[in-house]
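Here is the structure we will look at.
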Amino acid sequence: MDGNSRWAESRGLPAWVGHERGVAALRAAVIAAQDWGIPALTVYAFSLENWQRDRSEVTFLMNLFQSALQQQLPELQRNGVRLHFMGQLELLPPGLQQQIAACSAATAGNSGLLLNVAVSYSAQHDMVGAVQRLAQRVQEGSLAPEQITPALISHALSSAAVTAAVGPPDLLIRTSGEQRLSNFMLFEAAYTELCFLDCLWPDFDKQQFEAALQQYAQRQRRYGKRQQQQQQQQ
């Protein structure tokens with residue numbers, strides 16, 4: 001979800017206005033995903049690298065995140081949304097950590113859209129942690145090196161609960177005209193279709209979302225196979 005600050009700057013507004021409009025765009029995207037029966041939606045809310053931003057902006061974002069969770073929880077509950085969070089959550093302010101834990105517990109039994117929020121997240125750091133945990137098991141003798149597989153690594157990532165429920169992501173949408181993954185779900189996105197949009201995140205609406213899905217629907221996903229082989233297997 002990229003481009004909040006640039007959206008505000010282009011209109012002569014303070015950055016916080018762009019972030020607030022970004023929350024509204026996220027709410028609309030969640031509603032659209034529910035309406036279309038999309039089983040899971042992962043959003044990149046705050047990267048591990050974002051901690052390097054100006055302290056006042058980071059503080060505002062943490063407060064906005066906490067207040068948005070508080071305000072949106074009743075609606076998410078009514079709609080059966082299940083919340084999941086991934087990243088280095090221990091770096092977040094204590095109040096936000098408590099809010100995340102409360103929201104996760106409150107929605108754990110819901111069976112609707114699985115909304116996965118990446119906050120204080122780095123795919124590289126996540127992979128390093130997964131590998132270290134597997135290496136520890138090898139050192140302890142409970143795992144042999146040759147037993148380490150892509151599936152085992154996937155199960156050790158912080159996205160494991162989401163992947164187990166719905167599989168790896170089918171489509172990755174990035175706004176603001178940037179064409180890079182920016183350390184987001186690098187392992188999980190091995191065969192994910194990529195869609196780069198020029199619009200800034202606050203301008204991302206249901207029409208933009210639908211256009212990205214239509215673009216995805218026109219692609220042929222071969223997973224390294226030839227089209228004839230894929231048809232034979234189907």
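Naming scheme: A, B, ... for chains in displayed order of the structure tokens; residues 1 onward per chain; ligands 1 onward as shown.
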
- Task: Taking the chain letters and numbering used in this document, name the residues of stretch 86-117 of chain A that DSSP puts in alpha helix (DSSP H), as a list in words.
- Result: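 Restricting stretch 86-117 of chain A to alpha helix (DSSP H) produces Pro94, Gly95, Leu96, Gln97, Gln98, Gln99, Ile100, Ala101, Ala102, Cys103, Ser104, Ala105, Ala106 and Thr107 of chain A.
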
Go ahead and save the residues from that selection, with all heavy atoms, as a PDB file, in the first residue's frame.
ATOM      1  N   PRO A  94       3.800  -1.115  23.288  1.00  0.00           N
ATOM      2  CA  PRO A  94       3.034  -2.091  24.085  1.00  0.00           C
ATOM      3  C   PRO A  94       1.523  -2.000  23.884  1.00  0.00           C
ATOM      4  O   PRO A  94       0.843  -3.032  23.796  1.00  0.00           O
ATOM      5  CB  PRO A  94       3.421  -1.739  25.522  1.00  0.00           C
ATOM      6  CG  PRO A  94       4.784  -1.134  25.406  1.00  0.00           C
ATOM      7  CD  PRO A  94       4.776  -0.379  24.111  1.00  0.00           C
ATOM      8  N   GLY A  95       0.998  -0.782  23.813  1.00  0.00           N
ATOM      9  CA  GLY A  95      -0.442  -0.630  23.628  1.00  0.00           C
ATOM     10  C   GLY A  95      -0.918  -1.230  22.313  1.00  0.00           C
ATOM     11  O   GLY A  95      -1.987  -1.854  22.251  1.00  0.00           O
ATOM     12  N   LEU A  96      -0.131  -1.051  21.262  1.00  0.00           N
ATOM     13  CA  LEU A  96      -0.489  -1.607  19.958  1.00  0.00           C
ATOM     14  C   LEU A  96      -0.359  -3.131  19.975  1.00  0.00           C
ATOM     15  O   LEU A  96      -1.191  -3.831  19.388  1.00  0.00           O
ATOM     16  CB  LEU A  96       0.395  -0.995  18.868  1.00  0.00           C
ATOM     17  CG  LEU A  96       0.157  -1.502  17.444  1.00  0.00           C
ATOM     18  CD1 LEU A  96      -1.306  -1.386  17.046  1.00  0.00           C
ATOM     19  CD2 LEU A  96       1.049  -0.730  16.462  1.00  0.00           C
ATOM     20  N   GLN A  97       0.661  -3.629  20.637  1.00  0.00           N
ATOM     21  CA  GLN A  97       0.804  -5.082  20.771  1.00  0.00           C
ATOM     22  C   GLN A  97      -0.424  -5.682  21.455  1.00  0.00           C
ATOM     23  O   GLN A  97      -0.936  -6.728  21.034  1.00  0.00           O
ATOM     24  CB  GLN A  97       2.060  -5.427  21.569  1.00  0.00           C
ATOM     25  CG  GLN A  97       3.373  -5.129  20.863  1.00  0.00           C
ATOM     26  CD  GLN A  97       4.563  -5.630  21.654  1.00  0.00           C
ATOM     27  OE1 GLN A  97       4.571  -6.755  22.140  1.00  0.00           O
ATOM     28  NE2 GLN A  97       5.594  -4.804  21.779  1.00  0.00           N
ATOM     29  N   GLN A  98      -0.888  -5.033  22.496  1.00  0.00           N
ATOM     30  CA  GLN A  98      -2.074  -5.517  23.210  1.00  0.00           C
ATOM     31  C   GLN A  98      -3.313  -5.465  22.321  1.00  0.00           C
ATOM     32  O   GLN A  98      -4.139  -6.382  22.341  1.00  0.00           O
ATOM     33  CB  GLN A  98      -2.281  -4.689  24.477  1.00  0.00           C
ATOM     34  CG  GLN A  98      -1.196  -4.867  25.528  1.00  0.00           C
ATOM     35  CD  GLN A  98      -1.313  -3.878  26.674  1.00  0.00           C
ATOM     36  OE1 GLN A  98      -2.276  -3.114  26.747  1.00  0.00           O
ATOM     37  NE2 GLN A  98      -0.327  -3.859  27.564  1.00  0.00           N
ATOM     38  N   GLN A  99      -3.433  -4.391  21.539  1.00  0.00           N
ATOM     39  CA  GLN A  99      -4.582  -4.266  20.636  1.00  0.00           C
ATOM     40  C   GLN A  99      -4.554  -5.359  19.573  1.00  0.00           C
ATOM     41  O   GLN A  99      -5.584  -5.948  19.231  1.00  0.00           O
ATOM     42  CB  GLN A  99      -4.563  -2.895  19.972  1.00  0.00           C
ATOM     43  CG  GLN A  99      -5.786  -2.593  19.118  1.00  0.00           C
ATOM     44  CD  GLN A  99      -7.049  -2.475  19.946  1.00  0.00           C
ATOM     45  OE1 GLN A  99      -7.040  -1.846  20.993  1.00  0.00           O
ATOM     46  NE2 GLN A  99      -8.135  -3.071  19.475  1.00  0.00           N
ATOM     47  N   ILE A 100      -3.381  -5.648  19.041  1.00  0.00           N
ATOM     48  CA  ILE A 100      -3.234  -6.705  18.041  1.00  0.00           C
ATOM     49  C   ILE A 100      -3.609  -8.063  18.631  1.00  0.00           C
ATOM     50  O   ILE A 100      -4.338  -8.847  18.016  1.00  0.00           O
ATOM     51  CB  ILE A 100      -1.787  -6.716  17.498  1.00  0.00           C
ATOM     52  CG1 ILE A 100      -1.583  -5.545  16.530  1.00  0.00           C
ATOM     53  CG2 ILE A 100      -1.462  -8.043  16.821  1.00  0.00           C
ATOM     54  CD1 ILE A 100      -0.166  -5.392  16.042  1.00  0.00           C
ATOM     55  N   ALA A 101      -3.124  -8.320  19.827  1.00  0.00           N
ATOM     56  CA  ALA A 101      -3.441  -9.594  20.485  1.00  0.00           C
ATOM     57  C   ALA A 101      -4.939  -9.715  20.732  1.00  0.00           C
ATOM     58  O   ALA A 101      -5.537 -10.785  20.515  1.00  0.00           O
ATOM     59  CB  ALA A 101      -2.668  -9.715  21.793  1.00  0.00           C
ATOM     60  N   ALA A 102      -5.564  -8.618  21.154  1.00  0.00           N
ATOM     61  CA  ALA A 102      -7.003  -8.639  21.433  1.00  0.00           C
ATOM     62  C   ALA A 102      -7.805  -8.859  20.159  1.00  0.00           C
ATOM     63  O   ALA A 102      -8.776  -9.632  20.143  1.00  0.00           O
ATOM     64  CB  ALA A 102      -7.418  -7.326  22.099  1.00  0.00           C
ATOM     65  N   CYS A 103      -7.425  -8.203  19.073  1.00  0.00           N
ATOM     66  CA  CYS A 103      -8.133  -8.359  17.796  1.00  0.00           C
ATOM     67  C   CYS A 103      -7.952  -9.761  17.228  1.00  0.00           C
ATOM     68  O   CYS A 103      -8.899 -10.343  16.683  1.00  0.00           O
ATOM     69  CB  CYS A 103      -7.641  -7.317  16.797  1.00  0.00           C
ATOM     70  SG  CYS A 103      -8.140  -5.621  17.171  1.00  0.00           S
ATOM     71  N   SER A 104      -6.753 -10.287  17.355  1.00  0.00           N
ATOM     72  CA  SER A 104      -6.492 -11.647  16.869  1.00  0.00           C
ATOM     73  C   SER A 104      -7.349 -12.656  17.626  1.00  0.00           C
ATOM     74  O   SER A 104      -7.954 -13.555  17.023  1.00  0.00           O
ATOM     75  CB  SER A 104      -5.008 -11.993  17.019  1.00  0.00           C
ATOM     76  OG  SER A 104      -4.193 -11.123  16.259  1.00  0.00           O
ATOM     77  N   ALA A 105      -7.414 -12.498  18.948  1.00  0.00           N
ATOM     78  CA  ALA A 105      -8.200 -13.417  19.770  1.00  0.00           C
ATOM     79  C   ALA A 105      -9.691 -13.273  19.488  1.00  0.00           C
ATOM     80  O   ALA A 105     -10.424 -14.263  19.393  1.00  0.00           O
ATOM     81  CB  ALA A 105      -7.918 -13.174  21.249  1.00  0.00           C
ATOM     82  N   ALA A 106     -10.139 -12.035  19.330  1.00  0.00           N
ATOM     83  CA  ALA A 106     -11.572 -11.778  19.132  1.00  0.00           C
ATOM     84  C   ALA A 106     -12.084 -12.325  17.807  1.00  0.00           C
ATOM     85  O   ALA A 106     -13.246 -12.712  17.693  1.00  0.00           O
ATOM     86  CB  ALA A 106     -11.850 -10.282  19.211  1.00  0.00           C
ATOM     87  N   THR A 107     -11.219 -12.361  16.785  1.00  0.00           N
ATOM     88  CA  THR A 107     -11.654 -12.796  15.448  1.00  0.00           C
ATOM     89  C   THR A 107     -11.196 -14.206  15.095  1.00  0.00           C
ATOM     90  O   THR A 107     -11.441 -14.670  13.979  1.00  0.00           O
ATOM     91  CB  THR A 107     -11.135 -11.820  14.370  1.00  0.00           C
ATOM     92  OG1 THR A 107      -9.692 -11.842  14.370  1.00  0.00           O
ATOM     93  CG2 THR A 107     -11.612 -10.393  14.636  1.00  0.00           C
TER      94      THR A 107
END

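Take the candidates A:Leu186, A:Ala144, A:Arg133, A:Thr175 and check each one against A:Asp205 using only C-alpha atoms; the shortest distance goes to A:Thr175.
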
With only C-alpha atoms as the counted atoms, please give the residues lying no more than 7 Å from stretch 42-50 of chain A, apart from itself and same-chain residues fewer than 5 positions off, as a PDB file with N, CA and C atoms, in the first residue's frame.
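Written output follows (selection29.pdb):
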ATOM      1  N   MET A   1       0.873  -1.181   0.000  1.00  0.00           N
ATOM      2  CA  MET A   1       0.000   0.000   0.000  1.00  0.00           C
ATOM      3  C   MET A   1       0.903   1.221   0.000  1.00  0.00           C
ATOM      4  N   LEU A 115      -7.750 -11.689   6.817  1.00  0.00           N
ATOM      5  CA  LEU A 115      -7.012 -10.448   6.591  1.00  0.00           C
ATOM      6  C   LEU A 115      -5.685 -10.525   7.326  1.00  0.00           C
ATOM      7  N   ASN A 116      -4.617 -10.651   6.555  1.00  0.00           N
ATOM      8  CA  ASN A 116      -3.275 -10.804   7.096  1.00  0.00           C
ATOM      9  C   ASN A 116      -2.547  -9.469   6.996  1.00  0.00           C
ATOM     10  N   VAL A 117      -2.134  -8.932   8.127  1.00  0.00           N
ATOM     11  CA  VAL A 117      -1.505  -7.614   8.159  1.00  0.00           C
ATOM     12  C   VAL A 117      -0.013  -7.769   8.456  1.00  0.00           C
ATOM     13  N   ALA A 118       0.808  -7.319   7.514  1.00  0.00           N
ATOM     14  CA  ALA A 118       2.259  -7.344   7.701  1.00  0.00           C
ATOM     15  C   ALA A 118       2.690  -6.015   8.305  1.00  0.00           C
ATOM     16  N   VAL A 119       3.202  -6.061   9.527  1.00  0.00           N
ATOM     17  CA  VAL A 119       3.599  -4.837  10.224  1.00  0.00           C
ATOM     18  C   VAL A 119       4.931  -5.069  10.910  1.00  0.00           C
ATOM     19  N   SER A 120       5.827  -4.099  10.781  1.00  0.00           N
ATOM     20  CA  SER A 120       7.201  -4.277  11.246  1.00  0.00           C
ATOM     21  C   SER A 120       7.773  -5.541  10.609  1.00  0.00           C
ATOM     22  N   TYR A 121       7.510  -5.657   9.309  1.00  0.00           N
ATOM     23  CA  TYR A 121       7.777  -6.909   8.579  1.00  0.00           C
ATOM     24  C   TYR A 121       8.915  -6.737   7.580  1.00  0.00           C
ATOM     25  N   SER A 122       9.731  -7.779   7.469  1.00  0.00           N
ATOM     26  CA  SER A 122      10.791  -7.882   6.471  1.00  0.00           C
ATOM     27  C   SER A 122      10.856  -9.323   6.011  1.00  0.00           C
TER      28      SER A 122
END

- Just give me the gap between atom CA of A:Pro150 and atom CA of A:Gln218 in Å, one decimal is fine.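 Calculated distance between atom CA of A:Pro150 and atom CA of A:Gln218 is 28.2 Å.
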
- Query: Given the choices A:Gln77, A:Ser142, A:Ser154, A:Asn110, which gets closest to A:Gly129 if the distance is worked out from only C-alpha atoms?
  - Reply: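 Nearest candidate to A:Gly129 out of A:Gln77, A:Ser142, A:Ser154, A:Asn110: A:Ser154.
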
- Could you please write out, as a PyMOL selection string, every residue of stretch 12-202 of chain A that DSSP assigns to strand (DSSP E or B)? chain A and resi 40-47+82-86+114-121+171-174+193-196

- Query: So which one's closest to A:Thr192, A:Gln207, A:Gln214, A:Gln220, A:Ser5? Using only C-alpha atoms, please.
  - Reply: A:Gln220

- Query: Neighbours of stretch 167-171 of chain A within 10 Å (only C-alpha atoms; same-chain residues fewer than 4 positions away dropped), as a PyMOL selection string?
  - Reply: chain A and resi 40-42+154+159-163+185+187-195+212-213+216+221

- For A:Leu157, which of A:Met86, A:Asp203, A:Arg174, A:Gln215 is the closest residue, counting only C-alpha atoms?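 So, comparing all the options, the nearest one is A:Met86.
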